[in-house]
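Participant: Data: structure.tsv, TSV, C-alpha atoms.
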chain	number	residue	atom	x	y	z
A	1	MET	CA	-38.48	-29.50	9.42
A	2	ILE	CA	-35.13	-27.96	8.49
A	3	ASP	CA	-32.59	-28.10	11.26
A	4	ARG	CA	-31.11	-24.62	11.36
A	5	LYS	CA	-27.91	-24.47	13.31
A	6	PRO	CA	-27.07	-21.17	14.96
A	7	MET	CA	-24.28	-19.27	13.23
A	8	LEU	CA	-21.07	-19.38	15.21
A	9	TRP	CA	-18.19	-16.94	15.13
A	10	TRP	CA	-15.93	-19.72	13.85
A	11	ASP	CA	-18.17	-20.19	10.79
A	12	SER	CA	-16.84	-16.97	9.28
A	13	VAL	CA	-13.31	-16.87	10.65
A	14	PRO	CA	-10.73	-15.16	8.38
A	15	GLN	CA	-8.53	-17.80	6.82
A	16	PRO	CA	-4.72	-17.71	7.09
A	17	LEU	CA	-3.02	-16.89	3.79
A	18	PRO	CA	-0.10	-18.92	2.41
A	19	ALA	CA	3.48	-17.98	3.24
A	20	ALA	CA	4.09	-17.14	-0.43
A	21	PHE	CA	1.60	-14.28	-0.19
A	22	TYR	CA	3.45	-12.68	2.71
A	23	ILE	CA	6.83	-13.20	1.07
A	24	ARG	CA	5.60	-11.36	-2.03
A	25	GLN	CA	4.22	-8.55	0.12
A	26	ILE	CA	7.46	-8.16	2.06
A	27	ILE	CA	9.46	-7.96	-1.17
A	28	ALA	CA	7.04	-5.46	-2.72
A	29	LEU	CA	6.87	-3.30	0.40
A	30	THR	CA	10.67	-3.24	0.66
A	31	ILE	CA	11.05	-2.13	-2.96
A	32	VAL	CA	8.35	0.53	-2.62
A	33	ALA	CA	9.91	1.79	0.63
A	34	ALA	CA	13.25	2.24	-1.14
A	35	ILE	CA	11.56	4.21	-3.93
A	36	LEU	CA	9.70	6.39	-1.43
A	37	CYS	CA	12.93	7.08	0.48
A	38	PHE	CA	14.51	8.28	-2.76
A	39	ILE	CA	11.52	10.54	-3.54
A	40	SER	CA	11.49	11.95	-0.01
A	41	LEU	CA	15.23	12.57	0.22
A	42	GLN	CA	15.51	14.17	-3.22
A	43	ASP	CA	12.33	16.23	-2.55
A	44	GLN	CA	12.40	18.06	-5.94
A	45	LEU	CA	9.15	16.38	-6.99
A	46	ASP	CA	7.49	17.30	-3.70
A	47	PHE	CA	8.40	20.96	-4.04
A	48	TRP	CA	7.61	21.18	-7.74
A	49	LEU	CA	4.10	19.79	-7.30
A	50	THR	CA	3.39	21.94	-4.27
A	51	ARG	CA	4.51	25.10	-6.07
A	52	GLN	CA	1.79	24.52	-8.66
A	53	TRP	CA	-0.77	25.46	-5.99
A	54	TYR	CA	1.22	28.18	-4.25
A	55	GLN	CA	0.85	31.88	-5.05
A	56	PRO	CA	4.17	33.70	-4.45
A	57	GLU	CA	2.56	37.15	-4.72
A	58	THR	CA	0.38	36.57	-1.67
A	59	HIS	CA	2.67	33.99	0.01
A	60	SER	CA	-0.28	31.65	0.37
A	61	PHE	CA	-2.19	28.72	-1.06
A	62	PRO	CA	-5.36	30.16	-2.66
A	63	LEU	CA	-7.22	26.85	-2.18
A	64	GLN	CA	-6.25	26.41	1.47
A	65	ASN	CA	-9.72	27.39	2.70
A	66	ASN	CA	-11.63	26.47	-0.45
A	67	PHE	CA	-15.22	25.62	0.50
A	68	TRP	CA	-15.65	22.68	-1.88
A	69	LEU	CA	-12.28	21.08	-1.13
A	70	GLU	CA	-13.01	21.38	2.57
A	71	LEU	CA	-16.57	20.07	2.29
A	72	LEU	CA	-16.27	17.32	-0.33
A	73	ASN	CA	-12.70	16.07	0.06
A	74	HIS	CA	-11.81	16.84	3.64
A	75	LYS	CA	-15.14	16.11	5.31
A	76	LEU	CA	-17.76	14.32	3.20
A	77	VAL	CA	-15.59	11.56	1.72
A	78	LYS	CA	-13.91	10.92	5.07
A	79	PHE	CA	-17.23	10.76	6.91
A	80	LEU	CA	-18.64	8.36	4.31
A	81	ILE	CA	-15.68	5.99	4.71
A	82	VAL	CA	-15.71	6.18	8.52
A	83	GLY	CA	-19.49	5.81	8.65
A	84	SER	CA	-19.41	2.81	6.31
A	85	ALA	CA	-16.69	1.18	8.40
A	86	ILE	CA	-18.70	1.64	11.61
A	87	ALA	CA	-21.81	0.27	9.92
A	88	GLY	CA	-19.84	-2.69	8.57
A	89	LEU	CA	-18.40	-3.40	12.00
A	90	GLY	CA	-21.86	-3.31	13.55
A	91	TRP	CA	-23.29	-5.59	10.86
A	92	GLY	CA	-20.42	-8.01	11.27
A	93	ILE	CA	-20.98	-8.22	15.02
A	94	TYR	CA	-24.73	-8.65	14.55
A	95	ARG	CA	-24.28	-11.42	11.97
A	96	LYS	CA	-21.40	-12.99	13.94
A	97	ASN	CA	-19.22	-12.62	10.87
A	98	LEU	CA	-15.72	-12.57	12.30
A	99	ARG	CA	-14.17	-12.08	8.89
A	100	LEU	CA	-16.13	-8.87	8.30
A	101	VAL	CA	-15.34	-7.67	11.81
A	102	THR	CA	-11.64	-8.33	11.25
A	103	VAL	CA	-11.61	-6.38	7.98
A	104	MET	CA	-13.41	-3.41	9.54
A	105	VAL	CA	-10.91	-3.41	12.40
A	106	LEU	CA	-8.07	-3.47	9.86
A	107	LEU	CA	-9.66	-0.52	8.10
A	108	GLY	CA	-9.53	1.54	11.28
A	109	LEU	CA	-6.13	0.18	12.22
A	110	GLY	CA	-4.43	1.55	9.13
A	111	THR	CA	-5.51	5.11	9.87
A	112	ALA	CA	-4.61	4.67	13.56
A	113	VAL	CA	-1.04	3.66	12.73
A	114	VAL	CA	-0.62	6.68	10.45
A	115	GLY	CA	-2.22	8.89	13.10
A	116	LEU	CA	0.30	7.77	15.73
A	117	LEU	CA	3.22	8.38	13.39
A	118	LYS	CA	1.82	11.75	12.39
A	119	ALA	CA	1.31	12.84	16.01
A	120	SER	CA	5.00	12.27	16.79
A	121	SER	CA	6.37	13.70	13.54
A	122	ILE	CA	8.78	16.66	13.49
A	123	HIS	CA	7.90	17.44	9.86
A	124	SER	CA	5.61	20.43	9.30
A	125	CYS	CA	3.08	20.88	6.51
A	126	PRO	CA	4.00	22.91	3.38
A	127	TRP	CA	1.86	25.88	4.43
A	128	SER	CA	3.96	26.19	7.60
A	129	LEU	CA	7.32	26.21	5.79
A	130	SER	CA	9.34	29.32	4.98
A	131	GLU	CA	9.43	28.27	1.30
A	132	PHE	CA	5.66	28.67	1.19
A	133	GLY	CA	5.00	31.73	3.30
A	134	GLY	CA	5.39	30.16	6.75
A	135	GLN	CA	8.11	30.36	9.36
A	136	ALA	CA	9.19	26.74	9.81
A	137	ILE	CA	12.36	25.18	8.44
A	138	TYR	CA	12.01	22.25	6.07
A	139	ILE	CA	13.36	18.97	7.44
A	140	ARG	CA	14.10	16.05	5.15
A	141	LEU	CA	13.12	12.48	5.88
A	142	PHE	CA	15.35	11.03	8.64
A	143	GLY	CA	16.45	14.57	9.49
A	144	SER	CA	16.62	15.98	13.01
A	145	VAL	CA	15.90	19.32	14.64
A	146	SER	CA	18.91	21.36	15.73
A	147	ALA	CA	18.84	23.61	18.77
A	148	GLY	CA	17.35	27.01	18.02
A	149	VAL	CA	15.81	25.88	14.72
A	150	ASN	CA	12.12	26.63	14.18
A	151	ALA	CA	10.72	23.31	12.96
A	152	GLY	CA	7.16	24.59	13.20
A	153	PRO	CA	4.21	22.65	14.57
A	154	GLY	CA	5.26	19.35	13.00
A	155	GLN	CA	2.73	16.50	13.05
A	156	CYS	CA	2.35	16.41	9.27
A	157	PHE	CA	4.00	13.16	8.19
A	158	PRO	CA	2.63	10.78	6.92
A	159	GLY	CA	-0.59	12.17	5.42
A	160	GLY	CA	-3.42	11.50	7.84
A	161	HIS	CA	-6.29	12.42	5.55
A	162	ALA	CA	-5.05	10.29	2.66
A	163	SER	CA	-4.73	7.33	5.04
A	164	CYS	CA	-8.52	7.28	5.39
A	165	GLY	CA	-8.86	6.54	1.67
A	166	PHE	CA	-5.96	4.09	1.61
A	167	ALA	CA	-7.57	2.24	4.53
A	168	VAL	CA	-10.20	0.91	2.11
A	169	MET	CA	-7.49	-1.49	0.88
A	170	ALA	CA	-8.47	-3.60	3.90
A	171	LEU	CA	-11.49	-4.83	1.89
A	172	PHE	CA	-8.95	-6.92	-0.02
A	173	PHE	CA	-8.97	-9.41	2.86
A	174	LEU	CA	-12.75	-9.71	2.72
A	175	PHE	CA	-12.58	-11.45	-0.66
A	176	TYR	CA	-9.10	-12.91	-0.99
A	177	PRO	CA	-8.34	-15.70	-1.87
A	178	GLU	CA	-11.83	-16.91	-2.84
A	179	LYS	CA	-12.51	-13.96	-5.18
A	180	PRO	CA	-9.11	-12.56	-6.17
A	181	LYS	CA	-10.47	-10.20	-8.84
A	182	ALA	CA	-12.88	-8.59	-6.38
A	183	ALA	CA	-10.10	-8.44	-3.79
A	184	TRP	CA	-7.71	-6.61	-6.09
A	185	CYS	CA	-10.49	-4.27	-7.26
A	186	CYS	CA	-11.01	-3.28	-3.62
A	187	TRP	CA	-7.26	-2.80	-3.22
A	188	TRP	CA	-7.11	-0.49	-6.21
A	189	LEU	CA	-10.19	1.36	-4.97
A	190	GLY	CA	-8.29	2.12	-1.77
A	191	ILE	CA	-5.26	3.31	-3.77
A	192	VAL	CA	-7.41	5.64	-5.89
A	193	LEU	CA	-9.33	7.03	-2.91
A	194	GLY	CA	-6.12	7.63	-0.98
A	195	MET	CA	-4.45	9.41	-3.90
A	196	VAL	CA	-7.51	11.55	-4.65
A	197	MET	CA	-7.96	12.55	-1.01
A	198	GLY	CA	-4.23	13.18	-0.70
A	199	PHE	CA	-4.17	15.27	-3.87
A	200	GLY	CA	-6.93	17.46	-2.48
A	201	GLN	CA	-4.74	18.13	0.55
A	202	MET	CA	-1.77	18.92	-1.68
A	203	MET	CA	-3.86	21.55	-3.46
A	204	ARG	CA	-4.55	23.18	-0.09
A	205	GLY	CA	-0.87	23.14	0.89
A	206	ALA	CA	-1.52	20.63	3.66
A	207	HIS	CA	0.82	17.84	2.48
A	208	PHE	CA	3.60	16.93	0.10
A	209	LEU	CA	3.15	14.05	-2.34
A	210	SER	CA	5.61	11.91	-0.37
A	211	HIS	CA	3.52	12.39	2.79
A	212	ASN	CA	0.56	10.76	1.05
A	213	LEU	CA	2.57	7.99	-0.59
A	214	TRP	CA	4.11	7.05	2.77
A	215	ALA	CA	0.61	7.03	4.28
A	216	GLY	CA	-0.44	4.40	1.75
A	217	TRP	CA	2.69	2.36	2.48
A	218	TRP	CA	2.12	2.38	6.24
A	219	VAL	CA	-1.58	1.58	5.91
A	220	TRP	CA	-1.01	-1.48	3.72
A	221	ALA	CA	2.04	-2.68	5.65
A	222	SER	CA	0.13	-2.52	8.94
A	223	GLN	CA	-2.92	-4.24	7.46
A	224	VAL	CA	-0.87	-7.11	6.06
A	225	ALA	CA	1.08	-7.51	9.30
A	226	PHE	CA	-1.98	-7.46	11.55
A	227	TYR	CA	-3.99	-9.76	9.29
A	228	PHE	CA	-1.16	-12.26	9.63
A	229	LEU	CA	-1.14	-11.90	13.44
A	230	ILE	CA	-4.92	-12.07	13.75
A	231	THR	CA	-5.32	-15.17	11.58
A	232	LYS	CA	-2.45	-16.96	13.30
A	233	THR	CA	-3.92	-16.13	16.72
A	234	LEU	CA	-7.40	-17.30	15.74
A	235	LEU	CA	-5.99	-20.51	14.29
A	236	TRP	CA	-4.12	-21.13	17.54
A	237	LEU	CA	-7.29	-20.50	19.59
A	238	ARG	CA	-9.30	-22.92	17.46
A	239	THR	CA	-6.85	-25.71	18.17
A	240	ARG	CA	-6.89	-25.26	21.93
Rewrite the coordinates I just gave you, this time as structure tokens.

Facilitator:
Amino acid sequence: MIDRKPMLWWDSVPQPLPAAFYIRQIIALTIVAAILCFISLQDQLDFWLTRQWYQPETHSFPLQNNFWLELLNHKLVKFLIVGSAIAGLGWGIYRKNLRLVTVMVLLGLGTAVVGLLKASSIHSCPWSLSEFGGQAIYIRLFGSVSAGVNAGPGQCFPGGHASCGFAVMALFFLFYPEKPKAAWCCWWLGIVLGMVMGFGQMMRGAHFLSHNLWAGWWVWASQVAFYFLITKTLLWLRTR
């Protein structure tokens, strides 16, 4: 008879990555953050792209309530990603696959970090700004609200919807370092999904390009940071 040992949580524990990996990520994230600061502070690109979808005659975004953008981009794709993450988390728990569970948690974590930042943001969406038919005053990155200034509803930075697509980058840690090609394919899949979902929101007047790019930055930065903390904590627990 074959002696089948029960699967333990430790059998599928996510492995710590070498220090060189994190050093490369810190350097890359720092460079990208500097580029994004430049794009946000200059803001010409943001306004130019947004004006492509704005109709001055009606002071509105014609696609703001577009049925297909709302259904396919804003609801269906998001629900598919969220549903898949929940299913993956459940399967990981059932199979006692701690690595899969960790990745699914990271997937949700990325959107949660962006959601918290967005909830406390003073920056309003394009469709709320006076430049695009609204009443709110535009505030640059790192700007503040002066007394008596109508900053609008705020809560629009970074891009929350795009973060759901970018969160798929977490699948990188499911395959790396054993299958680097598959890992980087998953990373690029997350980039593409985030940009597509973010572009759909730009067409509706819901976000600037920089909002979506910052969402991707925060998602990946938080996933890298928390993967480091989780793996170090698990390694410490295994040695107790």

Participant: In Å, how far is it from CA of Gln135 (chain A) to CA of Gln42 (chain A)?

Facilitator: 21.8 Å

Participant: I want to know what sits within 8 Å of Thr111 (chain A), based on all atoms listed in the file, with residues of the same chain fewer than 3 positions away left out; could you give that as a PyMOL selection string?

Facilitator: chain A and resi 107-108+114-115+160+163-164+167+219

Participant: Save the residues we just selected, C-alpha atoms, as a PDB file, keeping the file's coordinate frame?

Facilitator:
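Okay, this is what ended up in part-v2.pdb:
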ATOM      1  CA  LEU A 107      -9.660  -0.520   8.100  1.00  0.00           C
ATOM      2  CA  GLY A 108      -9.530   1.540  11.280  1.00  0.00           C
ATOM      3  CA  VAL A 114      -0.620   6.680  10.450  1.00  0.00           C
ATOM      4  CA  GLY A 115      -2.220   8.890  13.100  1.00  0.00           C
ATOM      5  CA  GLY A 160      -3.420  11.500   7.840  1.00  0.00           C
ATOM      6  CA  SER A 163      -4.730   7.330   5.040  1.00  0.00           C
ATOM      7  CA  CYS A 164      -8.520   7.280   5.390  1.00  0.00           C
ATOM      8  CA  ALA A 167      -7.570   2.240   4.530  1.00  0.00           C
ATOM      9  CA  VAL A 219      -1.580   1.580   5.910  1.00  0.00           C
TER      10      VAL A 219
END

Participant: From the options A:His59, A:His161, A:Lys96, A:Lys75, which residue's atoms come nearest to Ser130 (chain A), counting only C-alpha atoms?

Facilitator: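 Looking at the shortest contact to Ser130 (chain A), the residue is A:His59.
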
Participant: Have a look at A:Met203, A:Ala221, A:Val168, A:Leu141 and name the one nearest to Val77 (chain A); count all atoms listed in the file.

Facilitator: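 Among the listed residues, A:Val168 lies closest to Val77 (chain A).
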
Participant: Excluding Ala170 (chain A) and residues on its chain fewer than 5 positions from it, collect all residues at most 8 Å away from it, counting all atoms listed in the file, and give them as a short mmCIF file (atom, residue, chain, number, x, y, z; two decimals) with C-alpha atoms, in the frame of the given file.

Facilitator:
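Final output, saved to selection_19.cif:
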data_model
loop_
_atom_site.label_atom_id
_atom_site.label_comp_id
_atom_site.auth_asym_id
_atom_site.auth_seq_id
_atom_site.Cartn_x
_atom_site.Cartn_y
_atom_site.Cartn_z
CA VAL A 103 -11.61 -6.38 7.98
CA MET A 104 -13.41 -3.41 9.54
CA LEU A 106 -8.07 -3.47 9.86
CA LEU A 107 -9.66 -0.52 8.10
CA CYS A 186 -11.01 -3.28 -3.62
CA TRP A 187 -7.26 -2.80 -3.22
CA TRP A 220 -1.01 -1.48 3.72
CA GLN A 223 -2.92 -4.24 7.46
#

Participant: Measuring between only C-alpha atoms, which one of A:Arg238, A:Leu229, A:Trp188, A:Pro177 shows the shortest distance to Pro18 (chain A)?

Facilitator: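 Of all the options, A:Pro177 lies closest to Pro18 (chain A).
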
Participant: Which neighbours of Gly143 (chain A) fall inside 10 Å, counting all atoms listed in the file, when residues of the same chain fewer than 4 positions from it are skipped, and could you give them as JSON, numbers by chain?

Facilitator: {"A": [41, 122, 123, 138, 139]}

Participant: Find the spatial neighbours of Leu80 (chain A), counting all atoms listed in the file, within a cut-off of 12 Å - ignore same-chain residues fewer than 6 positions away - and output them as a list in words.

Facilitator: Leu72, Asn73, His74, Ile86, Ala87, Gly88, Cys164, Gly165, Val168 and Leu193 of chain A

Participant: Pick out the closest residue to Gln155 (chain A) from this set: A:Pro126, A:Gly216, A:Gly92, A:Pro180. Count only C-alpha atoms.

Facilitator: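 Result for the nearest residue to Gln155 (chain A): A:Pro126.
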
Participant: Please provide the set of residues having any atom within 7 Å of Gln64 (chain A), restricted to only C-alpha atoms, with same-chain residues fewer than 3 positions apart removed, written as an mmCIF file with C-alpha atoms, keeping the file's coordinate frame.

Facilitator:
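This is the output file result06.cif:
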data_model
loop_
_atom_site.group_PDB
_atom_site.id
_atom_site.type_symbol
_atom_site.label_atom_id
_atom_site.label_comp_id
_atom_site.auth_asym_id
_atom_site.auth_seq_id
_atom_site.Cartn_x
_atom_site.Cartn_y
_atom_site.Cartn_z
ATOM 1 C CA PHE A 61 -2.190 28.720 -1.060
ATOM 2 C CA ARG A 204 -4.550 23.180 -0.090
ATOM 3 C CA GLY A 205 -0.870 23.140 0.890
#

Participant: Could you tell me which of A:Ile27, A:Met202, A:Arg140, A:Leu17 comes closest to Pro62 (chain A) if we count all atoms listed in the file?

Facilitator: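 Nearest to Pro62 (chain A): A:Met202.
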
Participant: How many Å lie between CA of Leu171 (chain A) and CA of Gly83 (chain A), rounded to one decimal?

Facilitator: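 Computing the Euclidean distance for CA of Leu171 (chain A) and CA of Gly83 (chain A) yields 14.9 Å.
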
Participant: To box region 114-117 of chain A, take all atoms listed in the file, fit an axis-aligned box, add 3 Å on each side, and give centre and edge lengths in Å to one decimal, as JSON.

Facilitator:
{"center_x": 0.5, "center_y": 7.8, "center_z": 13.1, "size_x": 11.4, "size_y": 8.2, "size_z": 11.3}

Participant: Could you check how far CA of Ile230 (chain A) sits from CA of Leu174 (chain A), in Å to one decimal?

Facilitator: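 CA of Leu174 (chain A) lies at a distance of 13.7 Å from CA of Ile230 (chain A).
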
Participant: Which one is closest to Ala112 (chain A): A:Leu76, A:Ala151, A:Ala136, A:Ala215? Count all atoms listed in the file.

Facilitator: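 Of A:Leu76, A:Ala151, A:Ala136, A:Ala215, the one nearest Ala112 (chain A), counting all atoms listed in the file, is A:Ala215.
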